[in-house]
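To start, the structure under review is shown below, and the notes come after it.
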Amino acid sequence: MDTIWLGGAEWLAVLRIGLGLWWLESWRHKDKKGWFERGTGIAWAADVAHKHRWGAVRSGFDAVVAPRPRAMAYVVVYAELALGLGLVAGFLTPVALIAGLLLNLLYFTLMIHDWGEQGQNAMMALISAVALFGMAWQTWSLDDALGLFR
């Protein structure tokens, strides 16, 4: 593979780190007090889910999220933090990439009517897939330093 400036593995590391920074920004800009104390994030998601055209989204939300809104708020917020840190540091990278891909697909499905969010989720999912299949943990990562996933 011919590349400019960096090698292919390094460019994949740049992509992985950029995706991690994107997840960290998703975590950073959340109103954590609103999510944790007032339940604003899950309440917003509940409103979206209950207006959703697909019954599976409504029933899935009612079965999994609605009974435990406080716990799910923590899961969402800290999953984004963990994904960001794991991808930037390159620690348990394949796990983070798969989890991030699944979370983006979940967001994509929930917000199927919100075209502004769809672009972000589609691009993050695409980057996750490219980084996963390109094994973006081979360079500039704790995984490589520790000899993981070789």
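Ligands are numbered from 1 in the order shown, residues from 1 within each chain, and chains are lettered A, B, ... in the order they appear in the structure tokens.
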
Need the shell around region 115-131 of chain A: protein/DNA/RNA residues with any atom at most 12 Å away, counting only C-alpha atoms. Skip same-chain ones fewer than 2 positions apart. Format as an MDAnalysis selection string?
chainID A and resid 8:23 26 83:84 87 90 93:113 133:139

Using N, CA and C atoms, can you write the selected residues to a file as a short mmCIF file (atom, residue, chain, number, x, y, z; two decimals), in the first residue's frame?
data_model
loop_
_atom_site.label_atom_id
_atom_site.label_comp_id
_atom_site.auth_asym_id
_atom_site.auth_seq_id
_atom_site.Cartn_x
_atom_site.Cartn_y
_atom_site.Cartn_z
N GLY A 8 0.42 2.82 6.28
CA GLY A 8 -0.98 2.42 6.41
C GLY A 8 -1.41 2.16 7.84
N ALA A 9 -0.58 1.47 8.61
CA ALA A 9 -0.92 1.18 10.01
C ALA A 9 -1.03 2.47 10.83
N GLU A 10 -0.15 3.42 10.54
CA GLU A 10 -0.19 4.69 11.26
C GLU A 10 -1.46 5.47 10.91
N TRP A 11 -1.86 5.47 9.62
CA TRP A 11 -3.09 6.17 9.25
C TRP A 11 -4.30 5.53 9.91
N LEU A 12 -4.30 4.19 10.04
CA LEU A 12 -5.40 3.53 10.74
C LEU A 12 -5.40 3.92 12.22
N ALA A 13 -4.21 4.10 12.80
CA ALA A 13 -4.14 4.56 14.19
C ALA A 13 -4.69 5.97 14.32
N VAL A 14 -4.38 6.83 13.35
CA VAL A 14 -4.93 8.19 13.35
C VAL A 14 -6.46 8.13 13.30
N LEU A 15 -6.99 7.28 12.44
CA LEU A 15 -8.44 7.12 12.32
C LEU A 15 -9.04 6.63 13.64
N ARG A 16 -8.39 5.63 14.26
CA ARG A 16 -8.85 5.09 15.55
C ARG A 16 -8.84 6.16 16.63
N ILE A 17 -7.75 6.92 16.70
CA ILE A 17 -7.65 7.97 17.72
C ILE A 17 -8.68 9.06 17.47
N GLY A 18 -8.87 9.43 16.20
CA GLY A 18 -9.89 10.43 15.88
C GLY A 18 -11.28 9.98 16.29
N LEU A 19 -11.60 8.71 16.06
CA LEU A 19 -12.89 8.17 16.48
C LEU A 19 -13.01 8.21 18.01
N GLY A 20 -11.92 7.88 18.69
CA GLY A 20 -11.93 7.96 20.16
C GLY A 20 -12.17 9.38 20.64
N LEU A 21 -11.55 10.35 19.98
CA LEU A 21 -11.78 11.76 20.36
C LEU A 21 -13.23 12.17 20.10
N TRP A 22 -13.83 11.62 19.06
CA TRP A 22 -15.24 11.90 18.76
C TRP A 22 -16.12 11.36 19.88
N TRP A 23 -15.83 10.14 20.36
CA TRP A 23 -16.59 9.59 21.49
C TRP A 23 -16.37 10.43 22.75
N SER A 26 -18.50 13.41 22.53
CA SER A 26 -19.89 13.04 22.81
C SER A 26 -20.13 12.97 24.32
N LEU A 83 -15.46 4.12 25.64
CA LEU A 83 -15.12 3.96 24.23
C LEU A 83 -14.06 4.97 23.81
N GLY A 84 -14.24 6.21 24.21
CA GLY A 84 -13.27 7.24 23.86
C GLY A 84 -11.89 6.96 24.42
N LEU A 87 -10.26 3.80 22.74
CA LEU A 87 -9.81 4.00 21.36
C LEU A 87 -8.62 4.94 21.29
N GLY A 90 -5.84 2.98 22.66
CA GLY A 90 -5.64 1.72 21.97
C GLY A 90 -5.64 0.54 22.92
N THR A 93 -8.87 -2.50 21.99
CA THR A 93 -9.37 -1.82 20.81
C THR A 93 -10.45 -2.59 20.05
N PRO A 94 -10.26 -3.90 19.76
CA PRO A 94 -11.33 -4.59 19.04
C PRO A 94 -12.65 -4.60 19.82
N VAL A 95 -12.56 -4.74 21.12
CA VAL A 95 -13.76 -4.71 21.96
C VAL A 95 -14.43 -3.35 21.87
N ALA A 96 -13.63 -2.28 21.97
CA ALA A 96 -14.17 -0.92 21.89
C ALA A 96 -14.78 -0.66 20.52
N LEU A 97 -14.12 -1.13 19.47
CA LEU A 97 -14.65 -0.90 18.12
C LEU A 97 -15.97 -1.62 17.90
N ILE A 98 -16.08 -2.84 18.36
CA ILE A 98 -17.34 -3.58 18.22
C ILE A 98 -18.43 -2.94 19.07
N ALA A 99 -18.10 -2.59 20.31
CA ALA A 99 -19.09 -1.95 21.18
C ALA A 99 -19.54 -0.61 20.61
N GLY A 100 -18.60 0.17 20.09
CA GLY A 100 -18.95 1.46 19.49
C GLY A 100 -19.80 1.30 18.26
N LEU A 101 -19.48 0.31 17.43
CA LEU A 101 -20.28 0.03 16.25
C LEU A 101 -21.71 -0.33 16.64
N LEU A 102 -21.85 -1.18 17.65
CA LEU A 102 -23.19 -1.55 18.12
C LEU A 102 -23.94 -0.36 18.70
N LEU A 103 -23.25 0.48 19.47
CA LEU A 103 -23.90 1.65 20.05
C LEU A 103 -24.33 2.62 18.94
N ASN A 104 -23.48 2.83 17.93
CA ASN A 104 -23.87 3.68 16.81
C ASN A 104 -25.06 3.11 16.06
N LEU A 105 -25.10 1.81 15.87
CA LEU A 105 -26.24 1.19 15.19
C LEU A 105 -27.51 1.34 16.02
N LEU A 106 -27.37 1.24 17.33
CA LEU A 106 -28.52 1.45 18.22
C LEU A 106 -29.01 2.89 18.13
N TYR A 107 -28.08 3.84 18.19
CA TYR A 107 -28.43 5.26 18.04
C TYR A 107 -29.07 5.50 16.68
N PHE A 108 -28.48 4.91 15.64
CA PHE A 108 -28.97 5.08 14.27
C PHE A 108 -30.41 4.61 14.18
N THR A 109 -30.70 3.45 14.75
CA THR A 109 -32.04 2.88 14.70
C THR A 109 -33.02 3.72 15.52
N LEU A 110 -32.62 4.14 16.70
CA LEU A 110 -33.52 4.94 17.55
C LEU A 110 -33.85 6.26 16.88
N MET A 111 -32.86 6.89 16.29
CA MET A 111 -33.05 8.23 15.72
C MET A 111 -33.19 8.19 14.21
N ILE A 112 -33.90 7.19 13.71
CA ILE A 112 -34.04 7.00 12.27
C ILE A 112 -34.65 8.22 11.57
N HIS A 113 -35.40 9.04 12.28
CA HIS A 113 -36.05 10.21 11.69
C HIS A 113 -35.21 11.47 11.79
N PHE A 133 -11.57 -3.97 10.83
CA PHE A 133 -11.07 -4.88 9.80
C PHE A 133 -9.65 -4.52 9.36
N GLY A 134 -9.24 -3.27 9.60
CA GLY A 134 -7.86 -2.87 9.32
C GLY A 134 -6.93 -3.12 10.50
N MET A 135 -7.50 -3.64 11.59
CA MET A 135 -6.72 -3.95 12.81
C MET A 135 -5.93 -2.72 13.27
N ALA A 136 -6.66 -1.66 13.55
CA ALA A 136 -6.07 -0.36 13.87
C ALA A 136 -5.35 -0.32 15.22
N TRP A 137 -5.21 -1.42 15.88
CA TRP A 137 -4.51 -1.48 17.17
C TRP A 137 -3.05 -1.89 17.00
N GLN A 138 -2.58 -2.05 15.77
CA GLN A 138 -1.22 -2.51 15.52
C GLN A 138 -0.15 -1.46 15.77
N THR A 139 -0.52 -0.21 15.84
CA THR A 139 0.43 0.89 15.99
C THR A 139 -0.12 1.89 16.99
#

With a distance cut-off of 12 Å and only C-alpha atoms, select the neighbouring residues of Lys33 (chain A), excluding the residue or stretch itself and same-chain residues fewer than 6 positions from it, and output the selection as a compact mmCIF listing (two decimals) with N, CA and C atoms, in the first residue's frame.
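Resulting contents of around.txt:
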# COMPACT_ATOMS: atom_id res chain seq x y z
N GLY A 39 -32.76 13.07 34.69
CA GLY A 39 -33.16 12.05 33.71
C GLY A 39 -33.47 12.59 32.33
N THR A 40 -32.86 13.71 31.95
CA THR A 40 -33.20 14.36 30.68
C THR A 40 -32.85 13.52 29.46
N GLY A 41 -31.72 12.86 29.47
CA GLY A 41 -31.31 12.08 28.30
C GLY A 41 -32.22 10.90 28.04
N ARG A 70 -32.41 5.43 35.40
CA ARG A 70 -31.20 5.96 36.05
C ARG A 70 -29.96 5.13 35.68
N ALA A 73 -28.96 5.70 32.09
CA ALA A 73 -28.29 6.99 31.89
C ALA A 73 -26.79 6.83 32.16
N TYR A 74 -26.46 6.15 33.24
CA TYR A 74 -25.06 5.90 33.56
C TYR A 74 -24.40 5.01 32.50
N VAL A 77 -23.80 7.25 29.26
CA VAL A 77 -22.78 8.29 29.44
C VAL A 77 -21.39 7.69 29.64

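Restricting the calculation to only C-alpha atoms, the smallest distance between Leu132 (chain A) and any of A:Ala71, A:Leu6, A:Phe149, A:Ser59 is found for A:Phe149.
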
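Separating CA of Trp35 (chain A) from CA of Asp62 (chain A) is a distance of 18.3 Å.
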
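Interatomic distance, CA of Leu24 (chain A) to CA of Tyr78 (chain A): 10.1 Å.
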
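Interatomic distance, CA of Ile42 (chain A) to CA of Met72 (chain A): 7.5 Å.
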
Using only C-alpha atoms, find the one residue out of A:Asp114, A:Ala89, A:Val75, A:Ala49 that sits nearest to Asp144 (chain A).
A:Ala89

Backbone-only DSSP, alpha helix (DSSP H) members of chain A, as JSON, numbers by chain
{"A": [8, 9, 10, 11, 12, 13, 14, 15, 16, 17, 18, 19, 20, 21, 22, 23, 24, 25, 26, 27, 28, 32, 33, 40, 41, 42, 43, 44, 45, 46, 47, 48, 49, 50, 55, 56, 57, 58, 59, 60, 61, 62, 63, 64, 69, 70, 71, 72, 73, 74, 75, 76, 77, 78, 79, 80, 81, 82, 83, 84, 85, 86, 87, 88, 89, 93, 94, 95, 96, 97, 98, 99, 100, 101, 102, 103, 104, 105, 106, 107, 108, 109, 110, 115, 116, 117, 118, 119, 120, 121, 122, 123, 124, 125, 126, 127, 128, 129, 130, 131, 132, 133, 142, 143, 144, 145, 146]}

Can you write out the residues you just picked, keeping C-alpha atoms, as a short mmCIF file (atom, residue, chain, number, x, y, z; two decimals), in the first residue's frame?
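What ended up in out.cif:
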data_model
loop_
_atom_site.label_atom_id
_atom_site.label_comp_id
_atom_site.auth_asym_id
_atom_site.auth_seq_id
_atom_site.Cartn_x
_atom_site.Cartn_y
_atom_site.Cartn_z
CA GLY A 8 -0.98 2.42 6.41
CA ALA A 9 -0.92 1.18 10.01
CA GLU A 10 -0.19 4.69 11.26
CA TRP A 11 -3.09 6.17 9.25
CA LEU A 12 -5.40 3.53 10.74
CA ALA A 13 -4.14 4.56 14.19
CA VAL A 14 -4.93 8.19 13.35
CA LEU A 15 -8.44 7.12 12.32
CA ARG A 16 -8.85 5.09 15.55
CA ILE A 17 -7.65 7.97 17.72
CA GLY A 18 -9.89 10.43 15.88
CA LEU A 19 -12.89 8.17 16.48
CA GLY A 20 -11.93 7.96 20.16
CA LEU A 21 -11.78 11.76 20.36
CA TRP A 22 -15.24 11.90 18.76
CA TRP A 23 -16.59 9.59 21.49
CA LEU A 24 -14.86 11.70 24.15
CA GLU A 25 -16.52 14.81 22.72
CA SER A 26 -19.89 13.04 22.81
CA TRP A 27 -19.24 12.36 26.49
CA ARG A 28 -17.84 15.83 27.26
CA LYS A 32 -24.27 15.01 33.12
CA LYS A 33 -26.28 16.66 35.89
CA THR A 40 -33.20 14.36 30.68
CA GLY A 41 -31.31 12.08 28.30
CA ILE A 42 -33.42 9.00 28.89
CA ALA A 43 -36.62 11.07 28.91
CA TRP A 44 -35.67 12.47 25.50
CA ALA A 45 -34.89 8.95 24.22
CA ALA A 46 -38.22 7.69 25.61
CA ASP A 47 -40.06 10.40 23.69
CA VAL A 48 -38.21 9.46 20.50
CA ALA A 49 -38.82 5.74 21.05
CA HIS A 50 -42.54 6.15 21.74
CA GLY A 55 -42.98 -1.25 17.09
CA ALA A 56 -39.83 -3.23 17.92
CA VAL A 57 -38.06 0.00 18.92
CA ARG A 58 -40.94 1.03 21.18
CA SER A 59 -41.28 -2.39 22.82
CA GLY A 60 -37.49 -2.83 23.11
CA PHE A 61 -37.14 0.53 24.81
CA ASP A 62 -40.05 -0.25 27.15
CA ALA A 63 -38.54 -3.63 28.06
CA VAL A 64 -34.88 -2.65 28.48
CA PRO A 69 -33.82 4.92 33.50
CA ARG A 70 -31.20 5.96 36.05
CA ALA A 71 -28.97 2.94 35.43
CA MET A 72 -29.32 3.33 31.65
CA ALA A 73 -28.29 6.99 31.89
CA TYR A 74 -25.06 5.90 33.56
CA VAL A 75 -24.57 3.10 31.02
CA VAL A 76 -24.91 5.48 28.05
CA VAL A 77 -22.78 8.29 29.44
CA TYR A 78 -19.97 6.10 30.76
CA ALA A 79 -20.01 3.82 27.71
CA GLU A 80 -19.15 6.85 25.59
CA LEU A 81 -16.33 7.77 27.99
CA ALA A 82 -14.97 4.20 28.02
CA LEU A 83 -15.12 3.96 24.23
CA GLY A 84 -13.27 7.24 23.86
CA LEU A 85 -10.54 6.36 26.32
CA GLY A 86 -10.12 2.85 24.96
CA LEU A 87 -9.81 4.00 21.36
CA VAL A 88 -7.47 6.91 22.06
CA ALA A 89 -5.18 4.75 24.20
CA THR A 93 -9.37 -1.82 20.81
CA PRO A 94 -11.33 -4.59 19.04
CA VAL A 95 -13.76 -4.71 21.96
CA ALA A 96 -14.17 -0.92 21.89
CA LEU A 97 -14.65 -0.90 18.12
CA ILE A 98 -17.34 -3.58 18.22
CA ALA A 99 -19.09 -1.95 21.18
CA GLY A 100 -18.95 1.46 19.49
CA LEU A 101 -20.28 0.03 16.25
CA LEU A 102 -23.19 -1.55 18.12
CA LEU A 103 -23.90 1.65 20.05
CA ASN A 104 -23.87 3.68 16.81
CA LEU A 105 -26.24 1.19 15.19
CA LEU A 106 -28.52 1.45 18.22
CA TYR A 107 -28.43 5.26 18.04
CA PHE A 108 -28.97 5.08 14.27
CA THR A 109 -32.04 2.88 14.70
CA LEU A 110 -33.52 4.94 17.55
CA TRP A 115 -31.20 13.14 9.64
CA GLY A 116 -28.67 15.34 11.43
CA GLU A 117 -27.80 12.52 13.80
CA GLN A 118 -27.86 9.89 11.07
CA GLY A 119 -24.78 11.26 9.34
CA GLN A 120 -22.76 11.23 12.54
CA ASN A 121 -23.80 7.71 13.48
CA ALA A 122 -23.25 6.35 9.98
CA MET A 123 -19.75 7.85 9.77
CA MET A 124 -18.77 6.66 13.25
CA ALA A 125 -20.03 3.15 12.40
CA LEU A 126 -18.08 3.18 9.13
CA ILE A 127 -14.89 4.29 10.90
CA SER A 128 -15.40 1.54 13.49
CA ALA A 129 -15.74 -1.10 10.77
CA VAL A 130 -12.67 0.15 8.85
CA ALA A 131 -10.60 0.34 12.04
CA LEU A 132 -11.76 -3.13 13.11
CA PHE A 133 -11.07 -4.88 9.80
CA LEU A 142 -1.44 -0.17 24.49
CA ASP A 143 -2.70 -3.33 22.80
CA ASP A 144 0.44 -3.42 20.65
CA ALA A 145 2.71 -2.58 23.59
CA LEU A 146 1.14 -5.38 25.65
#
